[in-house]
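Source file run.txt; content: compact mmCIF, C-alpha atoms and all ligand atoms.
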# COMPACT_ATOMS: atom_id res chain seq x y z
CA MET A 1 27.80 -2.25 58.94
CA SER A 2 30.44 0.39 59.55
CA ARG A 3 33.95 0.70 58.24
CA ILE A 4 36.39 0.85 61.15
CA ALA A 5 40.06 1.72 60.73
CA ILE A 6 42.35 0.62 63.53
CA ASP A 7 45.87 1.73 64.28
CA MET A 8 48.42 -0.87 65.29
CA ASP A 9 51.13 0.49 67.62
CA GLU A 10 49.86 1.35 71.08
CA VAL A 11 46.35 0.32 70.09
CA ILE A 12 46.63 -3.37 69.17
CA THR A 13 50.30 -3.90 70.01
CA ASP A 14 52.09 -2.76 73.13
CA ALA A 15 55.04 -1.24 71.28
CA LEU A 16 55.77 1.17 74.11
CA SER A 17 56.52 -1.51 76.73
CA LYS A 18 59.02 -3.22 74.45
CA HIS A 19 60.62 0.11 73.56
CA VAL A 20 60.94 1.08 77.23
CA ASN A 21 62.33 -2.36 78.16
CA LEU A 22 65.02 -2.18 75.49
CA TYR A 23 65.83 1.41 76.48
CA ASP A 24 66.12 0.38 80.15
CA GLN A 25 68.33 -2.59 79.27
CA HIS A 26 70.64 -0.48 77.15
CA PHE A 27 71.02 2.39 79.60
CA ASN A 28 70.62 0.29 82.75
CA LYS A 29 67.55 2.18 83.93
CA LYS A 30 64.20 1.38 85.40
CA THR A 31 61.64 3.56 83.68
CA ASN A 32 58.08 3.50 84.90
CA LEU A 33 55.31 3.99 82.33
CA ASP A 34 53.92 6.67 84.66
CA ASP A 35 57.10 8.67 83.96
CA LEU A 36 55.89 8.91 80.37
CA VAL A 37 52.54 10.59 81.00
CA GLY A 38 52.18 13.35 78.43
CA ILE A 39 55.44 12.61 76.61
CA SER A 40 56.90 10.11 74.20
CA LEU A 41 60.00 8.06 74.98
CA PRO A 42 62.22 10.11 72.61
CA GLU A 43 61.03 13.26 74.39
CA PHE A 44 61.66 11.68 77.80
CA ALA A 45 65.17 10.40 76.98
CA LEU A 46 68.23 12.51 77.74
CA PRO A 47 69.68 14.33 74.71
CA GLU A 48 72.63 11.92 74.51
CA GLU A 49 70.24 8.93 74.56
CA LYS A 50 67.90 10.08 71.78
CA MET A 51 69.84 8.55 68.91
CA LYS A 52 69.75 5.09 70.53
CA VAL A 53 66.04 5.45 71.38
CA LEU A 54 65.25 6.00 67.70
CA GLU A 55 67.65 3.27 66.60
CA ILE A 56 65.80 0.71 68.74
CA VAL A 57 62.48 1.33 67.04
CA HIS A 58 64.03 1.57 63.56
CA HIS A 59 65.61 -1.88 63.93
CA GLU A 60 63.84 -4.21 61.53
CA SER A 61 63.14 -6.89 64.16
CA PHE A 62 61.50 -4.47 66.62
CA PHE A 63 57.99 -5.09 65.29
CA ASP A 64 58.33 -8.87 64.92
CA ASP A 65 57.22 -10.01 68.34
CA LEU A 66 55.17 -7.25 69.95
CA GLU A 67 52.74 -8.19 72.70
CA VAL A 68 49.02 -7.72 72.17
CA PHE A 69 46.92 -5.62 74.52
CA PRO A 70 44.43 -7.74 76.48
CA GLY A 71 41.23 -8.38 74.56
CA ALA A 72 42.44 -6.75 71.33
CA ILE A 73 42.34 -9.84 69.11
CA GLU A 74 39.09 -11.18 70.58
CA THR A 75 37.38 -7.81 70.15
CA LEU A 76 38.68 -7.37 66.60
CA GLU A 77 37.41 -10.83 65.71
CA ALA A 78 33.96 -10.05 67.12
CA LEU A 79 33.92 -6.68 65.33
CA SER A 80 34.98 -8.30 62.06
CA LYS A 81 31.74 -10.32 62.02
CA GLU A 82 29.62 -7.16 61.95
CA HIS A 83 31.85 -4.49 60.46
CA GLU A 84 34.43 -3.91 57.79
CA LEU A 85 37.85 -3.58 59.45
CA PHE A 86 41.02 -1.98 58.14
CA ILE A 87 44.34 -1.88 59.93
CA THR A 88 45.86 1.54 59.28
CA THR A 89 49.40 1.89 60.48
CA ALA A 90 51.70 4.82 59.81
CA ALA A 91 54.49 2.59 58.55
CA MET A 92 56.14 5.41 56.63
CA GLU A 93 57.38 6.84 59.93
CA VAL A 94 59.50 3.71 60.31
CA PRO A 95 59.95 2.12 56.84
CA ASN A 96 61.92 -0.78 58.34
CA SER A 97 58.79 -1.82 60.20
CA PHE A 98 56.90 -2.93 57.10
CA ASN A 99 57.91 -6.62 56.98
CA GLY A 100 57.62 -7.16 60.70
CA LYS A 101 54.22 -5.51 60.86
CA TYR A 102 52.90 -7.38 57.85
CA LYS A 103 53.96 -10.77 59.23
CA TRP A 104 52.63 -9.86 62.65
CA LEU A 105 49.21 -9.04 61.21
CA LEU A 106 49.05 -12.21 59.10
CA LYS A 107 49.75 -14.24 62.23
CA HIS A 108 47.58 -12.43 64.78
CA VAL A 109 44.56 -11.18 62.81
CA PRO A 110 44.05 -13.92 60.18
CA PHE A 111 40.32 -13.08 60.15
CA ILE A 112 41.09 -9.68 58.55
CA ASP A 113 41.84 -9.88 54.83
CA SER A 114 45.43 -8.80 54.15
CA MET A 115 44.02 -6.50 51.45
CA ASN A 116 42.65 -4.50 54.38
CA PHE A 117 46.11 -3.84 55.84
CA VAL A 118 46.94 -0.22 55.03
CA PHE A 119 50.54 0.91 55.43
CA CYS A 120 50.24 4.64 55.22
CA GLY A 121 51.85 7.94 56.03
CA ASP A 122 49.26 10.67 56.42
CA LYS A 123 46.09 9.01 57.68
CA SER A 124 43.82 11.75 56.35
CA ILE A 125 43.67 9.63 53.18
CA VAL A 126 41.77 6.98 55.16
CA HIS A 127 38.06 6.98 54.45
CA ALA A 128 36.19 5.22 57.21
CA ASP A 129 33.38 5.76 59.68
CA TYR A 130 35.67 5.33 62.67
CA LEU A 131 39.39 5.51 63.36
CA ILE A 132 40.75 4.03 66.58
CA ASP A 133 44.15 5.59 67.22
CA ASP A 134 46.38 6.74 70.09
CA ASN A 135 47.38 9.94 68.27
CA VAL A 136 44.78 12.71 68.09
CA ARG A 137 46.70 14.35 65.25
CA HIS A 138 45.30 11.67 62.94
CA PHE A 139 41.75 12.83 63.75
CA LYS A 140 42.25 16.43 62.65
CA ARG A 141 41.59 15.84 58.96
CA PHE A 142 39.74 12.55 59.35
CA ASN A 143 36.14 12.69 58.12
CA GLY A 144 34.76 9.95 60.35
CA LYS A 145 34.72 9.72 64.12
CA GLY A 146 38.02 9.38 65.93
CA LEU A 147 38.14 7.16 69.00
CA LEU A 148 41.21 7.89 71.09
CA PHE A 149 42.92 4.80 72.49
CA ASP A 150 44.42 5.61 75.87
CA ALA A 151 48.22 5.68 76.11
CA PRO A 152 50.58 7.41 78.58
CA HIS A 153 51.64 9.98 75.97
CA ASN A 154 48.03 11.12 75.30
CA ARG A 155 46.75 11.00 78.88
CA LEU A 156 46.81 14.79 79.29
CA VAL A 157 44.96 15.36 76.02
CA ASP A 158 41.38 16.47 76.51
CA TYR A 159 39.48 14.24 74.05
CA ASN A 160 36.26 12.33 73.96
CA PRO A 161 35.56 9.47 73.44
CA ARG A 162 38.60 7.84 75.01
CA MET A 163 38.90 4.05 74.97
CA LYS A 164 40.75 2.99 78.12
CA ASN A 165 41.12 -0.59 76.88
CA TRP A 166 39.58 -3.09 74.47
CA ASN A 167 36.60 -3.69 76.75
CA ASP A 168 35.68 -0.06 76.13
CA VAL A 169 35.93 -0.65 72.37
CA ALA A 170 33.72 -3.75 72.57
CA GLU A 171 31.21 -1.82 74.63
CA TYR A 172 31.27 1.20 72.32
CA PHE A 173 30.35 -0.95 69.33
CA GLY A 174 28.06 -3.21 71.31
CA VAL A 175 29.83 -6.48 70.57
CA ARG A 176 30.03 -9.31 73.08
CA VAL A 177 33.52 -10.52 73.98
CA ALA A 178 34.58 -12.70 76.91
CA GLN A 179 35.94 -10.46 79.67
CA THR A 180 39.69 -10.27 79.17
CA CYS A 181 40.82 -6.94 80.60
MG MG A 201 49.75 4.25 67.29

Conversion result in structure tokens:
Amino acid sequence: MSRIAIDMDEVITDALSKHVNLYDQHFNKKTNLDDLVGISLPEFALPEEKMKVLEIVHHESFFDDLEVFPGAIETLEALSKEHELFITTAAMEVPNSFNGKYKWLLKHVPFIDSMNFVFCGDKSIVHADYLIDDNVRHFKRFNGKGLLFDAPHNRLVDYNPRMKNWNDVAEYFGVRVAQTC
């Protein structure tokens, strides 16, 4: 049995798509996710748009209804039968996100004990065998093995192993999940 820590945004939840949709609606644009290869939305936005881009994600309802990436819940459930899972989300970057994220987790991953939800800042405090995250910066001082979850912003980062989707995660840990991706 291993201890696996899993990030939430852009690993389990598709926060980026919602962020981009709200940005497009507000500024009447049509942004393609391919436009965001190698950069974050705040970096991509025009200087005069940046404030609004941050406001969107700091709104307390932003995290309430995020979509799940295909296969994420099924794979987590299968993993939870063989491993100890922790959800480690850098909530301190967006303190308003706490309630929304907590309720979201209770609803979508009821098979993970809520005592294993970790709302953190610096993830180097996390002690686990694996950390699945879309930000390589969290791996720098992490003692276990970092598995990079693919996202447009990290696509130019040279890192191995990279999980393209949740099928890759299931395969990496050798758990059987119905094909969903
Ligand atoms: Mg993330």

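Here CA of His58 in chain A stands at a distance of 26.8 Å from CA of Leu156 in chain A.
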
Give me, as a list of chain:residue names, the set of residues whose atoms come within 6 Å of any atom of ligand MG 201 (chain A), counting only C-alpha atoms and all ligand atoms.
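My answer, listing the contacting residues, is A:Asp7, A:Met8, A:Asp9, A:Glu10, A:Val11, A:Asp133, A:Asp134.
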
I'd like the contact shell of range 50-52 of chain A - 9 Å cut-off, all atoms listed in the file, skipping same-chain residues fewer than 5 positions apart - returned as a VMD selection string.
chain A and resid 23 26 41 to 45 57

Skip Leu33 in chain A itself and residues of its chain fewer than 4 positions away, then list as an NGL selection string all residues within 9 Å of it, counting only C-alpha atoms.
:A and (16-17 or 20 or 37 or 152)

One-decimal distance in Å that lies between CA of Phe117 in chain A and CA of Ile4 in chain A
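Between CA of Ile4 in chain A and CA of Phe117 in chain A the gap works out to 12.0 Å.
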
Any idea what the distance is between CA of Val118 in chain A and CA of Glu171 in chain A?
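Value for the CA of Val118 in chain A-CA of Glu171 in chain A distance: 25.2 Å.
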
Identify which of the residues A:Thr13, A:Asn143, A:Asn32, A:Ser2 lies closest to Leu105 in chain A, counting only C-alpha atoms when measuring atom-to-atom distances.
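Distance minimum relative to Leu105 in chain A lands on A:Thr13.
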
Determine, counting only C-alpha atoms, which protein, DNA and RNA residues have an atom within 12 Å of an atom of Lys140 in chain A; residues of the same chain fewer than 2 positions away are not included. Present the result as number ranges by chain.
A: 122-125, 131, 133, 135-138, 142-147, 159

Same residues, C-alpha atoms, saved as a PDB file, in the coordinates of the input:
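That gives us again-v1.pdb:
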ATOM      1  CA  ASP A 122      49.260  10.670  56.420  1.00  0.00           C
ATOM      2  CA  LYS A 123      46.090   9.010  57.680  1.00  0.00           C
ATOM      3  CA  SER A 124      43.820  11.750  56.350  1.00  0.00           C
ATOM      4  CA  ILE A 125      43.670   9.630  53.180  1.00  0.00           C
ATOM      5  CA  LEU A 131      39.390   5.510  63.360  1.00  0.00           C
ATOM      6  CA  ASP A 133      44.150   5.590  67.220  1.00  0.00           C
ATOM      7  CA  ASN A 135      47.380   9.940  68.270  1.00  0.00           C
ATOM      8  CA  VAL A 136      44.780  12.710  68.090  1.00  0.00           C
ATOM      9  CA  ARG A 137      46.700  14.350  65.250  1.00  0.00           C
ATOM     10  CA  HIS A 138      45.300  11.670  62.940  1.00  0.00           C
ATOM     11  CA  PHE A 142      39.740  12.550  59.350  1.00  0.00           C
ATOM     12  CA  ASN A 143      36.140  12.690  58.120  1.00  0.00           C
ATOM     13  CA  GLY A 144      34.760   9.950  60.350  1.00  0.00           C
ATOM     14  CA  LYS A 145      34.720   9.720  64.120  1.00  0.00           C
ATOM     15  CA  GLY A 146      38.020   9.380  65.930  1.00  0.00           C
ATOM     16  CA  LEU A 147      38.140   7.160  69.000  1.00  0.00           C
ATOM     17  CA  TYR A 159      39.480  14.240  74.050  1.00  0.00           C
TER      18      TYR A 159
END

So which residues touch Pro110 in chain A within 12 Å, counting all atoms listed in the file, skipping near sequence neighbours fewer than 4 positions away, as a list of chain:residue names?
A:Ile73, A:Glu74, A:Leu76, A:Glu77, A:Ser80, A:Tyr102, A:Lys103, A:Trp104, A:Leu105, A:Leu106, A:Ser114, A:Met115, A:Asn116, A:Phe117

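Comparing the minimum interatomic distances between Leu22 in chain A and each of A:Met163, A:Ala128, A:Ala178, A:Val53, counting all atoms listed in the file, we find that A:Val53 sits nearest.
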
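Proximity of A:Leu36, A:Phe111, A:Asn99, A:Ala15 to Lys81 in chain A, computed with only C-alpha atoms, is greatest for A:Phe111.
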
For Val157 in chain A, which residue among A:Met1, A:Phe119, A:Ile39, A:His19 is the nearest when counting all atoms listed in the file?
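Ranked by minimum distance to Val157 in chain A, first place goes to A:Ile39.
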
Please list as an NGL selection string every residue within 10 Å of Gly100 in chain A, counting all atoms listed in the file and excluding residues in the same chain fewer than 5 positions away.
:A and (60-66 or 105)

Could the centre and edge lengths of an axis-aligned box, enclosing all atoms of range 61-67 of chain A in the file with 8 Å extra on each side, be given in Å to one decimal as lines of an AutoDock Vina configuration file?
center_x = 57.9
center_y = -7.2
center_z = 68.4
size_x = 26.4
size_y = 21.5
size_z = 24.5

Given only C-alpha atoms as the basis, pick out the residue of A:Pro70, A:Ile12, A:Leu79, A:Gly121 nearest to Met92 in chain A.
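With only C-alpha atoms as the atom set, the closest residue is A:Gly121.
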
In terms of the shortest atom-to-atom distance over all atoms listed in the file, which of A:Lys29, A:His153, A:Ile6, A:Ile56 is closest to Ser97 in chain A?
A:Ile56
